[in-house]
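The structure appears right after this line, and notes come after that.
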Amino acid sequence: MGSLLALEETHLARLNNIERRKYIQKLKIVKHLYVKGAKTNADICSRFNISSPTSIAMLNELIVEGLVEKQGRGKSIGGRKPELYGLCDRSLFVLSIQIEKFKTRMAIFDNNNQIIIGVQTFSIELTKDLGALEQVYAHASELIQASGIDPKKLVGVGISMPGLVSSKEGNNQTYLLTTEEPDSLQQLLEHRFGKPVFIQNDAKSATLAEYRFGLAHGRRDVLVLSMDWGIGMGVLLDGKLRSGASGFAGEFGHIPLVEGGALCHCGKRGCLETVASGSAIVRNAREGIKAGQNTLLNKLSAYEIEQLEPEQVISAANDGDQFAINILAEVGTNLGKGIAILIQLFNPELIILGGEIAQAKQFLMPAIQQAINTYCMTQLREKTSIMVSELGTNAVILGSVATVMENIFESYMELA
């Protein structure tokens, strides 16, 4: 790895003011090339208000350090086409970890978002205590070793998870609760990995991925719903990801929808999540099977019914199982009621549906749209498009990569 991100804190402290300013400027250039892609020298000069000779000198240093390379030529506005500078493949790496309720997915990406080792899935149950962390770390260590990358080029670890996650505090107030004060969950993970760690709510990770690489790219007012066992939401307003005062903005799944409804894991009754999530799908399927409903799911054993997952209900619906189709349609109706509220609150141009449950779009979308037509004002709903994510199930894991790459440079700037 180039020396830019290899400097230790003690070495950074020895830089004089001129060297420190130059170091920070180079970090800004690398971050800019990551976020925006290959750029010309003129683009960089304009973006950072620096002279052409200064910019060229720093780009050449970054080339020597193995971080930047020339990548063809850009458009000409008269005369010779300018050279494009972009980040080299495999110059930096990020370990992305997506912790879900009953499984954890991991992958390693390079700085150009190319996957180095495919997404691996491990059966790990997320609990309130820290019991799952050792399993996560053990599998992550094996993945790094299997990838064959130079561990020194691994610049950080991005971890997404459900729950009330405060990225600023580095804690999750729902799962993986820390007891070793004053250390936060983030600090505990950094001690374990020996690398900078950035934690983020899974829905916000998905939103960042959609903004950088997906359907929300170039848009300003977008809501991203992550639908798995629970329901999360990321909010893009005026082109910025909003977190709220405590970092918990977007707890869409816990708006009250059913008076005196089922008990939610948050402790309240009747939350949207109890009637419009993977958990609701599984609960309704189990109840129907036990009540003697005619369904393909009856072929499951008692043990398999207790271990039922939403994907199995979706699969049955795809096979024409009317019982499963009805469950998904009911979830779509309830979800549509909630989305109608969102449209009237935020007036978004686009709502993106993502996560495992969004894969049942052919059963959900008609019911969602009908509920929106019923419960939302015409003037608002006509201005809002609803689309299913094109990033599929990898949106969250891609968002964790972007979180690391966009924050790691800020960390080094602070050290400098």
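Every chain in the structure tokens has a letter given in the order shown (A, B, ...), and although residue numbers restart at 1 in each chain, ligands are simply numbered from 1 in the order shown.
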
Selection near region 374-388 of chain A, 8 Å with only C-alpha atoms, sequence-local residues under 2 positions removed, as an mmCIF file with C-alpha atoms, in the first residue's frame:
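File produced: selection34.cif:
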```cif
data_model
loop_
_atom_site.group_PDB
_atom_site.id
_atom_site.type_symbol
_atom_site.label_atom_id
_atom_site.label_comp_id
_atom_site.auth_asym_id
_atom_site.auth_seq_id
_atom_site.Cartn_x
_atom_site.Cartn_y
_atom_site.Cartn_z
ATOM 1 C CA LYS A 337 -50.727 2.189 4.578
ATOM 2 C CA ALA A 340 -48.960 6.548 2.442
ATOM 3 C CA ILE A 341 -48.027 8.222 5.726
ATOM 4 C CA ILE A 343 -45.444 10.216 1.279
ATOM 5 C CA GLN A 344 -47.559 12.797 3.082
ATOM 6 C CA ASN A 347 -43.194 14.263 -0.225
ATOM 7 C CA PRO A 348 -40.360 12.160 -1.734
ATOM 8 C CA GLU A 349 -39.699 11.858 -5.468
ATOM 9 C CA LEU A 350 -38.818 8.178 -5.060
ATOM 10 C CA ILE A 351 -39.310 5.341 -2.584
ATOM 11 C CA ILE A 352 -36.999 2.346 -3.033
ATOM 12 C CA LEU A 353 -37.971 -1.063 -1.669
ATOM 13 C CA GLY A 354 -35.036 -3.279 -0.762
ATOM 14 C CA ALA A 358 -38.744 -6.920 -1.712
ATOM 15 C CA LYS A 361 -42.518 -7.628 -5.500
ATOM 16 C CA GLN A 370 -53.872 0.028 -3.868
ATOM 17 C CA ALA A 371 -53.335 1.050 -0.234
ATOM 18 C CA ILE A 372 -51.471 4.198 -1.312
ATOM 19 C CA GLU A 390 -31.672 -2.997 -8.506
#
```

> Which residues, written as JSON, numbers by chain, have at least one atom at most 10 Å from Asn326 (chain A), with only C-alpha atoms counted and residues fewer than 4 positions away on the same chain left out?
Replying inline: {"A": [317, 321, 322, 330, 331, 332, 363, 364]}

Requested write-out: N, CA, C and O atoms of the selected residues, as a JSON list (two decimals), in the first residue's frame:
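And here's selection32.json as it stands now:
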```
[["chain", "number", "residue", "atom", "x", "y", "z"],
["A", 317, "ALA", "N", -45.34, -18.97, -2.61],
["A", 317, "ALA", "CA", -46.18, -18.07, -3.41],
["A", 317, "ALA", "C", -45.79, -18.13, -4.88],
["A", 317, "ALA", "O", -46.66, -18.14, -5.77],
["A", 321, "ASP", "N", -49.02, -21.05, -4.48],
["A", 321, "ASP", "CA", -49.71, -21.33, -3.22],
["A", 321, "ASP", "C", -50.56, -20.13, -2.82],
["A", 321, "ASP", "O", -50.03, -19.07, -2.46],
["A", 322, "GLN", "N", -51.88, -20.27, -2.89],
["A", 322, "GLN", "CA", -52.77, -19.14, -2.62],
["A", 322, "GLN", "C", -52.67, -18.66, -1.18],
["A", 322, "GLN", "O", -52.80, -17.47, -0.90],
["A", 330, "GLU", "N", -51.48, -9.31, 2.13],
["A", 330, "GLU", "CA", -51.86, -8.60, 3.37],
["A", 330, "GLU", "C", -50.69, -7.75, 3.88],
["A", 330, "GLU", "O", -50.89, -6.61, 4.32],
["A", 331, "VAL", "N", -49.49, -8.30, 3.81],
["A", 331, "VAL", "CA", -48.30, -7.52, 4.20],
["A", 331, "VAL", "C", -48.17, -6.29, 3.30],
["A", 331, "VAL", "O", -47.88, -5.19, 3.76],
["A", 332, "GLY", "N", -48.40, -6.46, 1.99],
["A", 332, "GLY", "CA", -48.34, -5.34, 1.06],
["A", 332, "GLY", "C", -49.34, -4.25, 1.39],
["A", 332, "GLY", "O", -49.02, -3.05, 1.34],
["A", 363, "PHE", "N", -46.12, -9.88, -5.69],
["A", 363, "PHE", "CA", -47.24, -10.07, -4.77],
["A", 363, "PHE", "C", -47.47, -8.84, -3.89],
["A", 363, "PHE", "O", -48.59, -8.59, -3.45],
["A", 364, "LEU", "N", -46.41, -8.07, -3.65],
["A", 364, "LEU", "CA", -46.50, -6.91, -2.76],
["A", 364, "LEU", "C", -46.97, -5.64, -3.48],
["A", 364, "LEU", "O", -47.81, -4.90, -2.96]]
```

>> List as a list in words the protein and nucleic acid residues near region 41-44 of chain A, meaning an atom at most 8 Å away when only C-alpha atoms are counted, but skip any in the same chain fewer than 3 places from it.
In response: Ile29, Arg47, Phe48, Asn49, Ile50, Ser52, Ser55, Ile56, Pro82, Glu83, Leu84 and Tyr85 of chain A

> CA of Gly148 (chain A) and CA of Leu398 (chain A) are how many Å apart?
Replying inline: 20.7 Å

> Which residues, written as number ranges by chain, have at least one atom at most 10 Å from Tyr211 (chain A), with only C-alpha atoms counted and residues fewer than 6 positions away on the same chain left out?
Replying inline: A: 205, 217-220, 222, 224, 236, 239-241, 399

Store the residues picked out above, limited to N, CA, C and O atoms, as a tab-separated table (two decimals), in the first residue's frame.
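For reference, out16.tsv as written:
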```
chain	number	residue	atom	x	y	z
A	205	SER	N	-27.17	2.02	5.70
A	205	SER	CA	-26.15	1.49	4.79
A	205	SER	C	-26.74	1.26	3.41
A	205	SER	O	-26.13	1.60	2.39
A	217	HIS	N	-29.11	7.50	-7.09
A	217	HIS	CA	-27.97	8.30	-7.56
A	217	HIS	C	-28.47	9.52	-8.36
A	217	HIS	O	-29.27	9.38	-9.28
A	218	GLY	N	-28.00	10.68	-7.95
A	218	GLY	CA	-28.38	11.91	-8.64
A	218	GLY	C	-29.71	12.49	-8.20
A	218	GLY	O	-30.13	13.53	-8.71
A	219	ARG	N	-30.38	11.83	-7.27
A	219	ARG	CA	-31.67	12.34	-6.77
A	219	ARG	C	-31.48	13.01	-5.41
A	219	ARG	O	-30.49	12.79	-4.73
A	220	ARG	N	-32.49	13.78	-5.00
A	220	ARG	CA	-32.33	14.58	-3.78
A	220	ARG	C	-33.27	14.17	-2.65
A	220	ARG	O	-32.89	14.26	-1.48
A	222	VAL	N	-35.34	11.06	-1.38
A	222	VAL	CA	-35.61	9.64	-1.56
A	222	VAL	C	-35.72	8.95	-0.20
A	222	VAL	O	-34.98	9.26	0.73
A	224	VAL	N	-35.58	5.02	1.42
A	224	VAL	CA	-35.18	3.65	1.11
A	224	VAL	C	-35.67	2.74	2.23
A	224	VAL	O	-35.26	2.90	3.38
A	236	LEU	N	-33.14	10.34	2.59
A	236	LEU	CA	-32.34	11.30	1.84
A	236	LEU	C	-33.18	12.54	1.61
A	236	LEU	O	-34.21	12.48	0.91
A	239	GLY	N	-30.58	15.80	-0.89
A	239	GLY	CA	-29.34	15.16	-1.32
A	239	GLY	C	-28.43	14.73	-0.19
A	239	GLY	O	-27.27	14.39	-0.43
A	240	LYS	N	-28.94	14.73	1.05
A	240	LYS	CA	-28.11	14.35	2.19
A	240	LYS	C	-28.79	13.25	3.00
A	240	LYS	O	-30.01	13.27	3.19
A	241	LEU	N	-27.98	12.30	3.48
A	241	LEU	CA	-28.48	11.24	4.33
A	241	LEU	C	-28.73	11.80	5.72
A	241	LEU	O	-27.82	12.32	6.36
A	399	GLY	N	-23.22	-0.71	0.97
A	399	GLY	CA	-23.28	0.53	1.75
A	399	GLY	C	-22.22	0.58	2.83
A	399	GLY	O	-21.67	1.65	3.12
```

>> So that I can check the surroundings of Gln307 (chain A), please list as a PyMOL selection string every protein, DNA and RNA residue that reaches within 12 Å of it, counting only C-alpha atoms and ignoring chain neighbours fewer than 6 positions away.
In response: chain A and resi 102+279+282-283+285-286+300-301

Residue subset to file, keeping C-alpha atoms, as a CSV table (one decimal), in the first residue's frame:
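Dumped everything to selection-v1.csv:
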```
chain,number,residue,atom,x,y,z
A,102,PHE,CA,-30.1,-15.0,12.3
A,279,SER,CA,-41.5,-11.6,11.2
A,282,VAL,CA,-43.5,-16.2,9.3
A,283,ARG,CA,-45.9,-15.7,12.3
A,285,ALA,CA,-47.7,-18.7,8.1
A,286,ARG,CA,-47.1,-20.7,11.2
A,300,LEU,CA,-42.7,-29.1,6.4
A,301,SER,CA,-41.9,-31.0,9.6
```
